[in-house]
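> Next up is a structure, given as structure tokens.
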Amino acid sequence: MELSSTPPSNIDPAALRARFTALPQNSDPADQVQLARINLGRQLYFDKRLSRESNQSCNSCHQLTNYGVDNKQYSPGSMPGAIDTPRNTPTVYNAAFQLSQFWDGRAVNLIAQAHGPLVAPKEMALHNLQEAVDIVARVPGYAPEFRQAFPGQQDPVNIENITASIAAFEQGLITPSPWDRYLQGDTAALTPAQKKGLKLYLADGCDTCHAGRDMGGISYQRLGDVYRWGNKSDPGREKVTHSATDFMFFKVPTLRNIAKTGPYFHDGSVPTLTDAIHLMADFQAGQTISDSDAASIAAFLGSMTGTLPASYIAAPAEPPSGSQSAGQSEGNKTSSIRESSGGRS
Amino acid sequence: MKRLLLMVALCGLAALGVGLALGHHPYQGWPPLPPTRPGADIAMVAHPPALVMTTLHKDCYNCHSDHPDLPWYGYVWPSSAQVQDDIHRAGARLNFSEWDQLSPEMSRIRMNQVCTMVSEDKMPIWYYKPFHPEAKVTKQQAAAICNWANQMPIALTTQSASR
């Protein structure tokens with residue numbers, strides 16, 4: 001039902017730009033230091049040695065050739081038998097534009113975020129952050145790269161620089177899509193079916209929360225805003241702010257590449273996009289919508305499936321673990337380093 | 001259709017209700033009740049100019065705050081169901097008392113919508129105005145809101161967005 005107050009579903013790109021913003025194109029920075037940082041970050045992102053069993057990198061869960069996710073409800077961690085992560089793995093693509101990181105926003109930015117998975121028992125499961133530094137320091141190939149990326153620093157191999165490099169790399173994970181071309185004025189970029197979906201998206205008030213450059217990621221909202229959501233086992237942002245008013249508040253996720261990043265919601269409980277849209281319309285917008293409307297909205301959301309930056313995300317050669325340093329100590333870790341670099345494809 | 005029914009119901013009720021109910025439930029939009037979390041209010045988070053803030057308080061907080069205040073016809077059948085549902089929806093869509101939940105980018109988007117609503121005289125919601133003539137937003141107030149909205153910063157780079 002449209003009230004007289006509801007803004008007309010004007011889908012003229014110029015009008016839409018008050019609420020939505022096209023993604024920039026990613027290009028390599030002119031600054032050589034920044035470029036070195038990005039290259040280093042890419043290597044760390046793909047390096048499995050940064051996990052307890054040397055079997056897991058960031059890319060194991062956030063697979064870059066797969067829109068930054070693994071399509072599992074919960075991702076398995078580094079430790080065999082370790083309980084699964086309690087939340088669905090979000091995409092790392094376009095994550096830099098969000099107001100914070102994680103479903104509950106507990107990391108203020110990508111640098112703060114990158115500390116988390118290295119030591120999370122259910123993820124890469126290192127004992128502490130110093131272990132990550134030690135692992136990197138034992139790989140001779142990394143030393144010149146750190147010097148290049150952080151020139152003038154006495155001892156550049158430290159946790160701040162590791163996380164800053166990973167974050168620098170993640171900032172280039174951007175996926176421009178037909179939706180961005182449409183916003184920039186190319187009205188042929190959306191199919192008629194997608195334009196119909198866009199009108200419904202606006203009429204149903206999805207843009208109240210899913211707006212901006214990322215189609216989300218710029219506010220916290222209560223899950224079950226109009227009607228109460230069933231599964232309340234995860235309190236969301238309340239755990240971060242310790243304020244009862246934040247119970248069941250989550251960061252509104254980005255809808256970019258959403259057709260590819262199922263299953264949906266923080267608990268990964270909903271396998272299909274059309275089901276997710278039905279639930280959103282009911283619980284967040286307070287409207288029941290027909291199956292054909294949900295399908296139209298899904299078609300529109302498909303226009304946000306972007307082009308993956310193929311050369312930017314090509315897996316780099318792993319800096320070799322030096323044979324001398326590996327020979328010096330007999331610990332399990334060194335041997336697993338040797339195995340993993342040997343088994344690398 | 002629903003809208004027509006509501007309009008008819010309201011007209012009928014208006015005459016009967018005004019004298020009787022106004023006393024029982026006086027208009028409380030001004031001054032507004034203090035917010036539950038003062039630091040989270042738009043006044044504290046975004047520091048709008050005084051004219052903008054008084055306009056929002058006077059004309060919008062009755063529905064778009066954490067102390068929504070039902071008008072008397074929100075208690076009287078048959079308008080009550082629609083009005084209560086509306087108030088609930090209004091708070092879910094735009095809540096000036098929870099501004100800390102928004103990034104600068106979203107803060108600007110919301111204020112742009114507010115600007116559109118008041119410039120096109122679409123808010124306060126249509127059935128509210130006859131009963132609350134004091135809640136009319138003047139051209140000058142609308143201009144102040146739009147000027148401020150247009151000056152709000154918008155994050156343009158990944159660097160500043162991930163700051």
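FYI, nothing fancy with the structure tokens labels: chains A, B, ... in order, residues from 1 per chain, ligands from 1 as they appear.
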Find the residues near Pro176 of chain A: any atom within 7 Å, counting only C-alpha atoms, skip ones fewer than 6 places away on the same chain, and give them as an MDAnalysis selection string.

chainID A and resid 23 25 306:307

> Those same residues, written as a short mmCIF file (atom, residue, chain, number, x, y, z; two decimals), in the first residue's frame with N, CA and C atoms?


data_model
loop_
_atom_site.label_atom_id
_atom_site.label_comp_id
_atom_site.auth_asym_id
_atom_site.auth_seq_id
_atom_site.Cartn_x
_atom_site.Cartn_y
_atom_site.Cartn_z
N LEU A 23 29.84 2.84 -7.57
CA LEU A 23 31.17 2.48 -7.10
C LEU A 23 32.22 3.13 -7.98
N GLN A 25 35.82 3.02 -10.03
CA GLN A 25 36.61 1.96 -10.66
C GLN A 25 37.88 1.80 -9.84
N GLY A 306 28.67 -7.82 -9.71
CA GLY A 306 29.70 -7.04 -10.41
C GLY A 306 30.72 -7.90 -11.11
N THR A 307 31.65 -7.23 -11.76
CA THR A 307 32.76 -7.90 -12.42
C THR A 307 33.88 -8.09 -11.41
#

> Could you tell me, as a PyMOL selection string, which residues of segment 115-226 of chain A DSSP assigns to helix (DSSP H, G or I) when given the backbone?

chain A and resi 115-119+129-137+142-149+159-170+178-183+187-189+192-203+206-208

> From the set B:Glu98, B:Asp85, B:Glu120, B:Glu105, which residue has the shortest atom-to-atom contact distance to Val137 of chain B, counting only C-alpha atoms?

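So, comparing all the options, the nearest one is B:Glu120.
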
> Once you count only C-alpha atoms, which residues of chain A turn out to be within 7 Å of chain B? Could you give them as a PyMOL selection string?

chain A and resi 5+18-19+96-99+109-110+171+208+212+218-220+225-226

> Print the selection's residues with N, CA, C and O atoms to a file, as a PDB file, in the first residue's frame.


ATOM      1  N   SER A   5       2.371   9.817   1.523  1.00  0.00           N
ATOM      2  CA  SER A   5       3.690  10.286   1.941  1.00  0.00           C
ATOM      3  C   SER A   5       4.814   9.540   1.232  1.00  0.00           C
ATOM      4  O   SER A   5       5.937  10.001   1.196  1.00  0.00           O
ATOM      5  N   ALA A  18      20.445  10.765  -5.126  1.00  0.00           N
ATOM      6  CA  ALA A  18      20.327  11.343  -3.782  1.00  0.00           C
ATOM      7  C   ALA A  18      20.466  10.259  -2.718  1.00  0.00           C
ATOM      8  O   ALA A  18      20.779  10.544  -1.570  1.00  0.00           O
ATOM      9  N   ARG A  19      20.193   9.010  -3.099  1.00  0.00           N
ATOM     10  CA  ARG A  19      20.225   7.921  -2.115  1.00  0.00           C
ATOM     11  C   ARG A  19      21.254   6.842  -2.425  1.00  0.00           C
ATOM     12  O   ARG A  19      21.623   6.074  -1.556  1.00  0.00           O
ATOM     13  N   ALA A  96      35.135  -2.217   2.323  1.00  0.00           N
ATOM     14  CA  ALA A  96      35.802  -0.993   2.785  1.00  0.00           C
ATOM     15  C   ALA A  96      34.837   0.175   2.926  1.00  0.00           C
ATOM     16  O   ALA A  96      35.101   1.106   3.676  1.00  0.00           O
ATOM     17  N   PHE A  97      33.696   0.130   2.225  1.00  0.00           N
ATOM     18  CA  PHE A  97      32.780   1.271   2.262  1.00  0.00           C
ATOM     19  C   PHE A  97      31.850   1.246   3.470  1.00  0.00           C
ATOM     20  O   PHE A  97      31.064   2.152   3.666  1.00  0.00           O
ATOM     21  N   GLN A  98      31.917   0.170   4.248  1.00  0.00           N
ATOM     22  CA  GLN A  98      30.967   0.043   5.353  1.00  0.00           C
ATOM     23  C   GLN A  98      31.370   0.905   6.546  1.00  0.00           C
ATOM     24  O   GLN A  98      32.531   1.236   6.715  1.00  0.00           O
ATOM     25  N   LEU A  99      30.399   1.202   7.405  1.00  0.00           N
ATOM     26  CA  LEU A  99      30.699   2.052   8.558  1.00  0.00           C
ATOM     27  C   LEU A  99      31.506   1.302   9.594  1.00  0.00           C
ATOM     28  O   LEU A  99      32.117   1.912  10.472  1.00  0.00           O
ATOM     29  N   ASN A 109      37.209  -0.642  11.593  1.00  0.00           N
ATOM     30  CA  ASN A 109      37.619  -0.576  10.188  1.00  0.00           C
ATOM     31  C   ASN A 109      38.321  -1.871   9.795  1.00  0.00           C
ATOM     32  O   ASN A 109      38.410  -2.808  10.592  1.00  0.00           O
ATOM     33  N   LEU A 110      38.815  -1.922   8.560  1.00  0.00           N
ATOM     34  CA  LEU A 110      39.413  -3.161   8.059  1.00  0.00           C
ATOM     35  C   LEU A 110      40.697  -3.525   8.797  1.00  0.00           C
ATOM     36  O   LEU A 110      41.020  -4.695   8.961  1.00  0.00           O
ATOM     37  N   GLN A 171      40.956  -2.878   0.285  1.00  0.00           N
ATOM     38  CA  GLN A 171      40.323  -1.651  -0.201  1.00  0.00           C
ATOM     39  C   GLN A 171      40.178  -1.630  -1.715  1.00  0.00           C
ATOM     40  O   GLN A 171      39.373  -0.878  -2.249  1.00  0.00           O
ATOM     41  N   THR A 208      15.255   2.248   2.602  1.00  0.00           N
ATOM     42  CA  THR A 208      15.388   2.858   3.924  1.00  0.00           C
ATOM     43  C   THR A 208      16.673   2.371   4.582  1.00  0.00           C
ATOM     44  O   THR A 208      17.368   3.131   5.249  1.00  0.00           O
ATOM     45  N   GLY A 212      22.890   3.876  -0.341  1.00  0.00           N
ATOM     46  CA  GLY A 212      24.275   4.318  -0.375  1.00  0.00           C
ATOM     47  C   GLY A 212      25.088   3.575  -1.409  1.00  0.00           C
ATOM     48  O   GLY A 212      24.553   2.907  -2.291  1.00  0.00           O
ATOM     49  N   ILE A 218      25.788   0.890   5.941  1.00  0.00           N
ATOM     50  CA  ILE A 218      25.980   2.239   6.467  1.00  0.00           C
ATOM     51  C   ILE A 218      25.034   2.563   7.625  1.00  0.00           C
ATOM     52  O   ILE A 218      24.865   3.718   7.998  1.00  0.00           O
ATOM     53  N   SER A 219      24.429   1.532   8.206  1.00  0.00           N
ATOM     54  CA  SER A 219      23.662   1.764   9.431  1.00  0.00           C
ATOM     55  C   SER A 219      23.451   0.441  10.159  1.00  0.00           C
ATOM     56  O   SER A 219      23.644  -0.632   9.589  1.00  0.00           O
ATOM     57  N   TYR A 220      23.093   0.548  11.420  1.00  0.00           N
ATOM     58  CA  TYR A 220      22.669  -0.620  12.191  1.00  0.00           C
ATOM     59  C   TYR A 220      21.157  -0.562  12.284  1.00  0.00           C
ATOM     60  O   TYR A 220      20.585   0.519  12.465  1.00  0.00           O
ATOM     61  N   ASP A 225      12.311  -5.299  12.452  1.00  0.00           N
ATOM     62  CA  ASP A 225      12.074  -3.913  12.813  1.00  0.00           C
ATOM     63  C   ASP A 225      10.581  -3.631  12.976  1.00  0.00           C
ATOM     64  O   ASP A 225      10.159  -2.951  13.901  1.00  0.00           O
ATOM     65  N   VAL A 226       9.790  -4.152  12.059  1.00  0.00           N
ATOM     66  CA  VAL A 226       8.358  -3.907  12.146  1.00  0.00           C
ATOM     67  C   VAL A 226       7.681  -5.041  12.912  1.00  0.00           C
ATOM     68  O   VAL A 226       6.860  -4.807  13.796  1.00  0.00           O
TER      69      VAL A 226
END

> Please compute the atom CA of Val252 of chain A-atom CA of Gly217 of chain A distance, one decimal, in Å.

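Going from atom CA of Val252 of chain A over to atom CA of Gly217 of chain A covers 5.2 Å.
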
> Going by DSSP on the backbone, which bits of segment 109-332 of chain A are strand (DSSP E or B)? Write them as a PDB file with N, CA and C atoms, in the first residue's frame, please.


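Resulting contents of part.pdb:
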ATOM      1  N   GLY A 212      22.890   3.876  -0.341  1.00  0.00           N
ATOM      2  CA  GLY A 212      24.275   4.318  -0.375  1.00  0.00           C
ATOM      3  C   GLY A 212      25.088   3.575  -1.409  1.00  0.00           C
ATOM      4  N   SER A 219      24.429   1.532   8.206  1.00  0.00           N
ATOM      5  CA  SER A 219      23.662   1.764   9.431  1.00  0.00           C
ATOM      6  C   SER A 219      23.451   0.441  10.159  1.00  0.00           C
ATOM      7  N   TYR A 220      23.093   0.548  11.420  1.00  0.00           N
ATOM      8  CA  TYR A 220      22.669  -0.620  12.191  1.00  0.00           C
ATOM      9  C   TYR A 220      21.157  -0.562  12.284  1.00  0.00           C
ATOM     10  N   GLN A 221      20.520  -1.708  12.150  1.00  0.00           N
ATOM     11  CA  GLN A 221      19.065  -1.739  12.254  1.00  0.00           C
ATOM     12  C   GLN A 221      18.654  -2.974  13.019  1.00  0.00           C
ATOM     13  N   ARG A 222      17.497  -2.879  13.658  1.00  0.00           N
ATOM     14  CA  ARG A 222      17.006  -4.050  14.365  1.00  0.00           C
ATOM     15  C   ARG A 222      16.501  -5.068  13.349  1.00  0.00           C
ATOM     16  N   GLY A 236      23.374  -9.834  18.600  1.00  0.00           N
ATOM     17  CA  GLY A 236      23.852  -8.797  17.685  1.00  0.00           C
ATOM     18  C   GLY A 236      24.648  -7.733  18.400  1.00  0.00           C
ATOM     19  N   PHE A 249      20.109  -5.683  17.051  1.00  0.00           N
ATOM     20  CA  PHE A 249      20.571  -4.769  16.006  1.00  0.00           C
ATOM     21  C   PHE A 249      21.756  -5.416  15.283  1.00  0.00           C
ATOM     22  N   PHE A 250      21.750  -5.334  13.964  1.00  0.00           N
ATOM     23  CA  PHE A 250      22.867  -5.813  13.162  1.00  0.00           C
ATOM     24  C   PHE A 250      23.244  -4.727  12.166  1.00  0.00           C
ATOM     25  N   LYS A 251      24.467  -4.808  11.693  1.00  0.00           N
ATOM     26  CA  LYS A 251      24.844  -3.928  10.590  1.00  0.00           C
ATOM     27  C   LYS A 251      24.038  -4.371   9.374  1.00  0.00           C
ATOM     28  N   TYR A 264      21.739 -16.808   3.315  1.00  0.00           N
ATOM     29  CA  TYR A 264      21.524 -15.435   3.765  1.00  0.00           C
ATOM     30  C   TYR A 264      21.293 -15.286   5.269  1.00  0.00           C
ATOM     31  N   VAL A 270      18.874 -18.993   5.543  1.00  0.00           N
ATOM     32  CA  VAL A 270      17.945 -18.924   4.411  1.00  0.00           C
ATOM     33  C   VAL A 270      18.703 -19.156   3.102  1.00  0.00           C
TER      34      VAL A 270
END

> Ranking A:Thr288, A:Ser233, A:Thr163, A:Asn26 by minimum distance to Thr175 of chain A and counting only C-alpha atoms, which one comes first?

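That would be A:Asn26, the residue with the smallest distance to Thr175 of chain A.
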
> Pick out the residues sitting within 9 Å of Thr272 of chain A, and hand them over as a tab-separated table (two decimals) with all heavy atoms, in the first residue's frame; count only C-alpha atoms, and ignore anything fewer than 6 positions along from it in its own chain.


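The new file result_25.tsv reads:
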chain	number	residue	atom	x	y	z
A	259	ALA	N	23.22	-11.95	-5.17
A	259	ALA	CA	22.74	-13.17	-5.84
A	259	ALA	C	23.76	-14.30	-5.71
A	259	ALA	O	23.42	-15.47	-5.86
A	259	ALA	CB	22.46	-12.88	-7.32
A	262	GLY	N	24.80	-16.26	-1.09
A	262	GLY	CA	23.99	-17.03	-0.16
A	262	GLY	C	24.83	-18.09	0.54
A	262	GLY	O	25.98	-18.30	0.16
A	263	PRO	N	24.29	-18.77	1.56
A	263	PRO	CA	23.00	-18.55	2.17
A	263	PRO	C	22.94	-17.23	2.95
A	263	PRO	O	23.97	-16.64	3.20
A	263	PRO	CB	22.84	-19.75	3.10
A	263	PRO	CG	24.24	-20.17	3.43
A	263	PRO	CD	25.05	-19.85	2.21
A	264	TYR	N	21.74	-16.81	3.32
A	264	TYR	CA	21.52	-15.43	3.76
A	264	TYR	C	21.29	-15.29	5.27
A	264	TYR	O	20.92	-16.22	5.94
A	264	TYR	CB	20.35	-14.84	2.98
A	264	TYR	CG	20.65	-14.86	1.50
A	264	TYR	CD1	20.10	-15.82	0.66
A	264	TYR	CD2	21.60	-13.98	0.96
A	264	TYR	CE1	20.43	-15.88	-0.68
A	264	TYR	CE2	21.94	-14.03	-0.38
A	264	TYR	CZ	21.35	-14.97	-1.20
A	264	TYR	OH	21.70	-15.03	-2.52

> Which is closest to Val139 of chain A among A:Asp246, A:Asp47, A:Asp28, A:Asp291, if we use only C-alpha atoms?

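Counting only C-alpha atoms, the residue closest to Val139 of chain A is A:Asp47.
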
> Please identify all polymer residues within 10 Å of Ser60 of chain A, counting only C-alpha atoms, omitting same-chain residues fewer than 5 positions from it, and present them as a list in words.

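These residues fall inside the cut-off: Tyr45, Phe46, Asp47, Lys48, Asn55, Gly68, Val69, Asp70, Ser75, Pro76, Gly77, Ser78, Glu123 and Met124 of chain A.
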
> Excluding same-chain residues fewer than 5 positions from segment 139-141 of chain B, what lies within 7 Å of it counting only C-alpha atoms, as a ChimeraX atom specification?

/B:51-52,55

> Write the residues of the preceding selection, restricted to all heavy atoms, as an mmCIF file, in the first residue's frame.


data_model
loop_
_atom_site.group_PDB
_atom_site.id
_atom_site.type_symbol
_atom_site.label_atom_id
_atom_site.label_comp_id
_atom_site.auth_asym_id
_atom_site.auth_seq_id
_atom_site.Cartn_x
_atom_site.Cartn_y
_atom_site.Cartn_z
ATOM 1 N N LEU B 51 17.376 26.275 13.976
ATOM 2 C CA LEU B 51 16.071 26.307 13.312
ATOM 3 C C LEU B 51 15.672 24.910 12.826
ATOM 4 O O LEU B 51 14.507 24.498 12.908
ATOM 5 C CB LEU B 51 16.103 27.291 12.132
ATOM 6 C CG LEU B 51 14.795 27.399 11.343
ATOM 7 C CD1 LEU B 51 13.634 27.831 12.224
ATOM 8 C CD2 LEU B 51 14.948 28.367 10.154
ATOM 9 N N VAL B 52 16.642 24.159 12.341
ATOM 10 C CA VAL B 52 16.372 22.791 11.890
ATOM 11 C C VAL B 52 15.917 21.943 13.069
ATOM 12 O O VAL B 52 14.907 21.233 13.016
ATOM 13 C CB VAL B 52 17.628 22.166 11.247
ATOM 14 C CG1 VAL B 52 17.401 20.696 10.923
ATOM 15 C CG2 VAL B 52 18.037 22.939 9.994
ATOM 16 N N THR B 55 12.428 22.704 14.339
ATOM 17 C CA THR B 55 11.417 22.220 13.399
ATOM 18 C C THR B 55 11.206 20.717 13.571
ATOM 19 O O THR B 55 10.065 20.247 13.666
ATOM 20 C CB THR B 55 11.845 22.515 11.943
ATOM 21 O OG1 THR B 55 12.184 23.896 11.836
ATOM 22 C CG2 THR B 55 10.738 22.178 10.973
#

> Near Gly216 of chain A, counting only C-alpha atoms, which residues have an atom at most 7 Å away, once you skip same-chain residues fewer than 3 positions from it, shown as a short mmCIF file (atom, residue, chain, number, x, y, z; two decimals) with C-alpha atoms, in the first residue's frame?


data_model
loop_
_atom_site.label_atom_id
_atom_site.label_comp_id
_atom_site.auth_asym_id
_atom_site.auth_seq_id
_atom_site.Cartn_x
_atom_site.Cartn_y
_atom_site.Cartn_z
CA CYS A 209 18.18 0.54 5.04
CA HIS A 210 19.87 -0.81 1.92
CA ALA A 211 21.08 2.43 0.31
CA GLY A 212 24.27 4.32 -0.37
CA VAL A 252 22.67 -3.78 7.49
CA PRO A 253 24.58 -5.98 5.03
CA THR A 254 25.58 -4.87 1.56
CA LEU A 255 23.36 -6.15 -1.26
#

> Out of A:Val133, A:Asp155, A:Phe150, A:Thr65, which residue has the shortest atom-to-atom distance to Ala310 of chain A when counting only C-alpha atoms?

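Counting only C-alpha atoms, the residue closest to Ala310 of chain A is A:Thr65.
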
> Counting only C-alpha atoms, what is within 12 Å of segment 142-148 of chain A, bar same-chain residues fewer than 6 positions away, as a VMD selection string?

chain A and resid 31 to 44 47 133 to 136 154 to 162 164 to 165 317 to 322

> Nearest to Asn257 of chain A: which of A:Thr241, A:Gln130, A:Ser27, A:Ala95 is it, counting only C-alpha atoms?

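When distances to Asn257 of chain A are compared using only C-alpha atoms, the smallest one comes from A:Ala95.
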